[in-house]
Each structure stands twice: as C-alpha cells, then as structure tokens.
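Enquirer: I'd like to ask you about the structure that follows.
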Amino acid sequence: GDTLGVGTFGKVKIGEHQLTGHKVAVKILNRQKIRSLDVVGKIKREIQNLKLFRHPHIIKLYQVISTPTDFFMVMEYVSGGELFDYICKNGRVEDTEARRLFQQIISAVDYCHRHMVVHRDLKPENVLLDANRNAKIADFGLSNMMSDGEFLRTSCGSPNYAAPE
C-alpha cells in the first residue's frame, strides 16, 4: 500500500484486509535498526501500552506480527492526517473546533494517566484526525509507566514543545 510516513526505525504503510477491505496502518519496524539504535525497550513499551488501551481518541493497536527481520504493528488507520498538517493547511482552528479537539485530547491523556502511562511527546504531529476530524493520539514511543508518588525526571520529547523549565 501507500506509504503514510517514514520514521527513524521504519515506515508506516496503508494495509487493507483482503476479505473485508478494512484499511489499517501498518508500522514496519526493522529489527536491526531497532537494535543498533538501542531502542528495543522503547518499542516494547509502545506495544505494551497500546495493546492495553481502548479509548476513542487513542489509535488502536490490533496486532503485532513478528518476523526474523521486522515487526509489523497493525494499527487503526485514520484518513485525516496529522493535526499539525491540518493547521498548516487551514490556518487557525476556530474556537469551537479547537475546544472540541482539546476535550478529546484531554480525555485521552486522562485515560493514559489513569492507566499510569505518560505520553511524554504530545504535539500536533502526534495527534491524528479521522474522517470526522476527531483527534486520535498516536506515537507512544517515548511513553513511560508512572509509579505512585513518583515523578518522571527525564527530559524527553520535542524541544520546540517543551516547557521552558
């Protein structure tokens, strides 16, 4: 299928179920790249977290297929692209639309936090839009588990979106 995006560890392509025609996004991760970049733990975390999550505003992970050379993460496909691209193309989002998207994102973040997972790289590029312009949080690669009363002290994520402190 068509390539939706290319990342550090591989690419994301559109897949289609042969019988139903249902479209999915397939994240193809090269094992060698994952090992050489020392991100095995990062990928395992993303898979672990996404496998458990069921929320209308978080991208669903349906299945993980493992081969000797690659991992294939079969995920929910949304046709609206990134919130970032939407804003670039259409300019400022109207207040009512912004409020609706914000409520959806906050609902998803709250769900993550109640499950003791922090995303740690939330930005418009990691919020996807479905055909009805509903927000879906994606890319949990930097996410981490929280323990009760424990703060995550590691600085990570995208510097352009990080708080100044």
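Residue names in the structure tokens use chain letters A, B, ... in the order shown, residue numbers from 1 in each chain, and ligand numbers from 1 in the order shown.
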DSSP on the backbone, then: every residue of region 42-126 of chain A marked strand (DSSP E or B), written as a list of chain:residue names.

Expert: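 Strand (DSSP E or B) members of region 42-126 of chain A, listed: A:Ile58, A:Leu61, A:Tyr62, A:Gln63, A:Val64, A:Ile65, A:Ser66, A:Asp70, A:Phe71, A:Phe72, A:Met73, A:Val74, A:Met75, A:Glu76, A:Glu82, A:Val117, A:Val118.
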
Enquirer: For the selection you just gave me, I'd like the residues written to a file as an mmCIF file, in the first residue's frame, keeping C-alpha atoms.

Expert:
```
data_model
loop_
_atom_site.group_PDB
_atom_site.id
_atom_site.type_symbol
_atom_site.label_atom_id
_atom_site.label_comp_id
_atom_site.auth_asym_id
_atom_site.auth_seq_id
_atom_site.Cartn_x
_atom_site.Cartn_y
_atom_site.Cartn_z
ATOM 1 C CA ILE A 58 -6.167 6.846 21.086
ATOM 2 C CA LEU A 61 -3.161 -1.457 18.043
ATOM 3 C CA TYR A 62 -4.872 -4.525 16.565
ATOM 4 C CA GLN A 63 -1.997 -6.952 16.209
ATOM 5 C CA VAL A 64 1.784 -7.309 16.192
ATOM 6 C CA ILE A 65 3.350 -9.647 13.644
ATOM 7 C CA SER A 66 6.951 -10.615 14.215
ATOM 8 C CA ASP A 70 10.825 -6.895 11.086
ATOM 9 C CA PHE A 71 7.968 -6.148 13.447
ATOM 10 C CA PHE A 72 4.635 -5.221 11.869
ATOM 11 C CA MET A 73 2.330 -3.207 14.115
ATOM 12 C CA VAL A 74 -1.173 -3.391 12.619
ATOM 13 C CA MET A 75 -2.996 -0.292 13.832
ATOM 14 C CA GLU A 76 -6.131 1.740 13.330
ATOM 15 C CA GLU A 82 -1.787 14.950 11.393
ATOM 16 C CA VAL A 117 1.138 5.903 31.354
ATOM 17 C CA VAL A 118 2.507 9.293 30.325
#
```

Enquirer: Find the residues near Asn49 (chain A): any atom within 12 Å, counting only C-alpha atoms, skip ones fewer than 3 places away on the same chain, and give them as a PyMOL selection string.

Expert: chain A and resi 42-46+52-54+58-61+111-113+115-119+138-145

Enquirer: Next, the residues of the selection above should be written as a PDB file, in the first residue's frame with C-alpha atoms.

Expert:
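See result_7.pdb below for the written result:
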```pdb
ATOM      1  CA  LYS A  42      11.141   1.934  23.689  1.00  0.00           C
ATOM      2  CA  ILE A  43       9.384  -0.181  21.047  1.00  0.00           C
ATOM      3  CA  LYS A  44       8.329  -2.831  23.579  1.00  0.00           C
ATOM      4  CA  ARG A  45       6.846  -0.065  25.774  1.00  0.00           C
ATOM      5  CA  GLU A  46       4.858   1.369  22.882  1.00  0.00           C
ATOM      6  CA  LEU A  52      -3.939  -2.454  26.587  1.00  0.00           C
ATOM      7  CA  PHE A  53      -5.548   0.805  25.518  1.00  0.00           C
ATOM      8  CA  ARG A  54      -9.144   1.039  24.315  1.00  0.00           C
ATOM      9  CA  ILE A  58      -6.167   6.846  21.086  1.00  0.00           C
ATOM     10  CA  ILE A  59      -5.002   4.957  17.986  1.00  0.00           C
ATOM     11  CA  LYS A  60      -5.787   1.249  18.425  1.00  0.00           C
ATOM     12  CA  LEU A  61      -3.161  -1.457  18.043  1.00  0.00           C
ATOM     13  CA  TYR A 111      -7.231   7.830  30.243  1.00  0.00           C
ATOM     14  CA  CYS A 112      -3.462   7.303  29.838  1.00  0.00           C
ATOM     15  CA  HIS A 113      -2.721   8.843  33.227  1.00  0.00           C
ATOM     16  CA  HIS A 115      -3.580   3.725  33.449  1.00  0.00           C
ATOM     17  CA  MET A 116      -0.292   5.118  34.789  1.00  0.00           C
ATOM     18  CA  VAL A 117       1.138   5.903  31.354  1.00  0.00           C
ATOM     19  CA  VAL A 118       2.507   9.293  30.325  1.00  0.00           C
ATOM     20  CA  HIS A 119       2.922  10.040  26.612  1.00  0.00           C
ATOM     21  CA  ALA A 138      -0.531   8.313  18.283  1.00  0.00           C
ATOM     22  CA  ASP A 139       3.166   7.511  18.712  1.00  0.00           C
ATOM     23  CA  PHE A 140       3.640   6.262  22.250  1.00  0.00           C
ATOM     24  CA  GLY A 141       7.338   5.543  21.614  1.00  0.00           C
ATOM     25  CA  LEU A 142       8.528   7.851  24.406  1.00  0.00           C
ATOM     26  CA  SER A 143       5.774   6.909  26.833  1.00  0.00           C
ATOM     27  CA  ASN A 144       6.625   5.629  30.275  1.00  0.00           C
ATOM     28  CA  MET A 145       4.943   3.949  33.212  1.00  0.00           C
TER      29      MET A 145
END
```

Enquirer: Of the candidates A:Val78, A:Gly41, A:His55, A:Pro68, which one gets nearest to Val24 (chain A) if we count only C-alpha atoms?

Expert: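 Nearest to Val24 (chain A): A:Val78.
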
Enquirer: Considering only C-alpha atoms, state which residue in the set A:Ile47, A:Val40, A:Gly80, A:Lys11 is at the smallest distance from Lys27 (chain A).

Expert: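 Checking each of A:Ile47, A:Val40, A:Gly80, A:Lys11 against Lys27 (chain A), counting only C-alpha atoms, the winner is A:Lys11.
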
Enquirer: I'd like the neighbourhood of Lys13 (chain A) as a list in words, where a residue qualifies if any of its atoms comes within 9 Å (using only C-alpha atoms), though same-chain residues fewer than 5 positions away should be ignored.

Expert: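 So, after excluding close chain neighbours, the residues are Gly1, Asp2, Thr3, Leu4, Gly5, Val6, Val24, Ala25, Val26, Lys27 and Ile28 of chain A.
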
Enquirer: Among region 19-80 of chain A, which residues does DSSP mark as helix (DSSP H, G or I) when it is run on the backbone? Keep the chain and numbering as in the structure and answer as a CSV table (one decimal) with N, CA and C atoms, in the first residue's frame.

Expert:
```csv
chain,number,residue,atom,x,y,z
A,31,ARG,N,14.1,-4.8,12.7
A,31,ARG,CA,14.8,-5.3,13.9
A,31,ARG,C,16.2,-4.8,14.1
A,32,GLN,N,17.0,-4.8,13.0
A,32,GLN,CA,18.4,-4.4,13.0
A,32,GLN,C,18.5,-2.9,13.4
A,33,LYS,N,17.7,-2.1,12.8
A,33,LYS,CA,17.7,-0.6,13.2
A,33,LYS,C,17.4,-0.4,14.6
A,34,ILE,N,16.4,-1.2,15.1
A,34,ILE,CA,15.9,-1.0,16.5
A,34,ILE,C,17.1,-1.4,17.4
A,35,ARG,N,17.7,-2.5,17.1
A,35,ARG,CA,18.9,-3.0,17.9
A,35,ARG,C,20.0,-2.0,17.9
A,36,SER,N,20.4,-1.5,16.7
A,36,SER,CA,21.5,-0.7,16.5
A,36,SER,C,21.3,0.7,17.2
A,40,VAL,N,15.1,-1.0,21.7
A,40,VAL,CA,14.2,-2.2,21.9
A,40,VAL,C,13.2,-2.0,23.0
A,41,GLY,N,13.7,-1.4,24.1
A,41,GLY,CA,12.8,-1.1,25.3
A,41,GLY,C,11.7,-0.1,24.9
A,42,LYS,N,12.1,0.9,24.1
A,42,LYS,CA,11.1,1.9,23.7
A,42,LYS,C,10.0,1.3,22.9
A,43,ILE,N,10.4,0.5,21.9
A,43,ILE,CA,9.4,-0.2,21.0
A,43,ILE,C,8.5,-1.1,21.9
A,44,LYS,N,9.1,-1.9,22.7
A,44,LYS,CA,8.3,-2.8,23.6
A,44,LYS,C,7.3,-2.1,24.4
A,45,ARG,N,7.7,-0.9,25.0
A,45,ARG,CA,6.8,-0.1,25.8
A,45,ARG,C,5.7,0.4,25.0
A,46,GLU,N,5.9,0.9,23.7
A,46,GLU,CA,4.9,1.4,22.9
A,46,GLU,C,3.9,0.3,22.6
A,47,ILE,N,4.4,-0.9,22.3
A,47,ILE,CA,3.5,-2.1,22.0
A,47,ILE,C,2.7,-2.5,23.2
A,48,GLN,N,3.4,-2.6,24.4
A,48,GLN,CA,2.7,-2.9,25.6
A,48,GLN,C,1.6,-2.0,26.0
A,49,ASN,N,1.9,-0.7,25.9
A,49,ASN,CA,0.9,0.3,26.3
A,49,ASN,C,-0.3,0.3,25.3
A,50,LEU,N,0.0,0.3,24.0
A,50,LEU,CA,-1.1,0.4,23.0
A,50,LEU,C,-1.9,-0.8,23.0
A,51,LYS,N,-1.4,-2.0,23.3
A,51,LYS,CA,-2.1,-3.3,23.3
A,51,LYS,C,-3.3,-3.2,24.4
A,52,LEU,N,-3.0,-2.5,25.5
A,52,LEU,CA,-3.9,-2.5,26.6
A,52,LEU,C,-5.0,-1.4,26.4
```

Enquirer: Report the distance between CA of Gln104 (chain A) and CA of Gly15 (chain A) in Å, rounded to one decimal place.

Expert: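 So the answer is 26.3 Å.
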
Enquirer: Extract, using only C-alpha atoms, all DNA, RNA and protein residues at most 8 Å from Glu125 (chain A), discarding same-chain residues fewer than 4 positions from it, and format them as a PyMOL selection string.

Expert: chain A and resi 82-85

Enquirer: Taking 3 positions as the minimum chain separation for residues in the same chain, which residues sit within 8 Å of Lys136 (chain A) when counting only C-alpha atoms? Answer as a PyMOL selection string.

Expert: chain A and resi 56-59+105+127-130

Enquirer: Please dump the current selection as a PDB file, in the first residue's frame; keep N, CA and C atoms.

Expert:
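Result file again.pdb:
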```
ATOM      1  N   PRO A  56     -11.623   5.970  22.518  1.00  0.00           N
ATOM      2  CA  PRO A  56     -11.990   6.507  21.200  1.00  0.00           C
ATOM      3  C   PRO A  56     -11.012   7.536  20.630  1.00  0.00           C
ATOM      4  N   HIS A  57     -10.136   8.097  21.478  1.00  0.00           N
ATOM      5  CA  HIS A  57      -9.217   9.123  20.987  1.00  0.00           C
ATOM      6  C   HIS A  57      -7.749   8.715  21.109  1.00  0.00           C
ATOM      7  N   ILE A  58      -7.528   7.403  21.127  1.00  0.00           N
ATOM      8  CA  ILE A  58      -6.167   6.846  21.086  1.00  0.00           C
ATOM      9  C   ILE A  58      -6.145   5.811  19.962  1.00  0.00           C
ATOM     10  N   ILE A  59      -5.138   5.902  19.099  1.00  0.00           N
ATOM     11  CA  ILE A  59      -5.002   4.957  17.986  1.00  0.00           C
ATOM     12  C   ILE A  59      -4.944   3.532  18.541  1.00  0.00           C
ATOM     13  N   ILE A 105      -8.527  15.333  23.239  1.00  0.00           N
ATOM     14  CA  ILE A 105      -7.127  15.062  23.594  1.00  0.00           C
ATOM     15  C   ILE A 105      -6.990  14.901  25.106  1.00  0.00           C
ATOM     16  N   VAL A 127      -0.889  13.917  16.984  1.00  0.00           N
ATOM     17  CA  VAL A 127      -2.349  13.843  17.086  1.00  0.00           C
ATOM     18  C   VAL A 127      -2.867  13.690  15.660  1.00  0.00           C
ATOM     19  N   LEU A 128      -3.532  12.567  15.401  1.00  0.00           N
ATOM     20  CA  LEU A 128      -4.067  12.301  14.068  1.00  0.00           C
ATOM     21  C   LEU A 128      -5.554  12.619  14.052  1.00  0.00           C
ATOM     22  N   LEU A 129      -6.088  12.847  12.862  1.00  0.00           N
ATOM     23  CA  LEU A 129      -7.508  13.161  12.719  1.00  0.00           C
ATOM     24  C   LEU A 129      -8.189  12.099  11.865  1.00  0.00           C
ATOM     25  N   ASP A 130      -9.378  11.676  12.310  1.00  0.00           N
ATOM     26  CA  ASP A 130     -10.122  10.715  11.499  1.00  0.00           C
ATOM     27  C   ASP A 130     -10.960  11.470  10.459  1.00  0.00           C
TER      28      ASP A 130
END
```

Enquirer: Go ahead and compute the interatomic distance for CA of Arg114 (chain A) and CA of Asn132 (chain A), in Å to one decimal.

Expert: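 Between CA of Arg114 (chain A) and CA of Asn132 (chain A) the gap is 26.5 Å.
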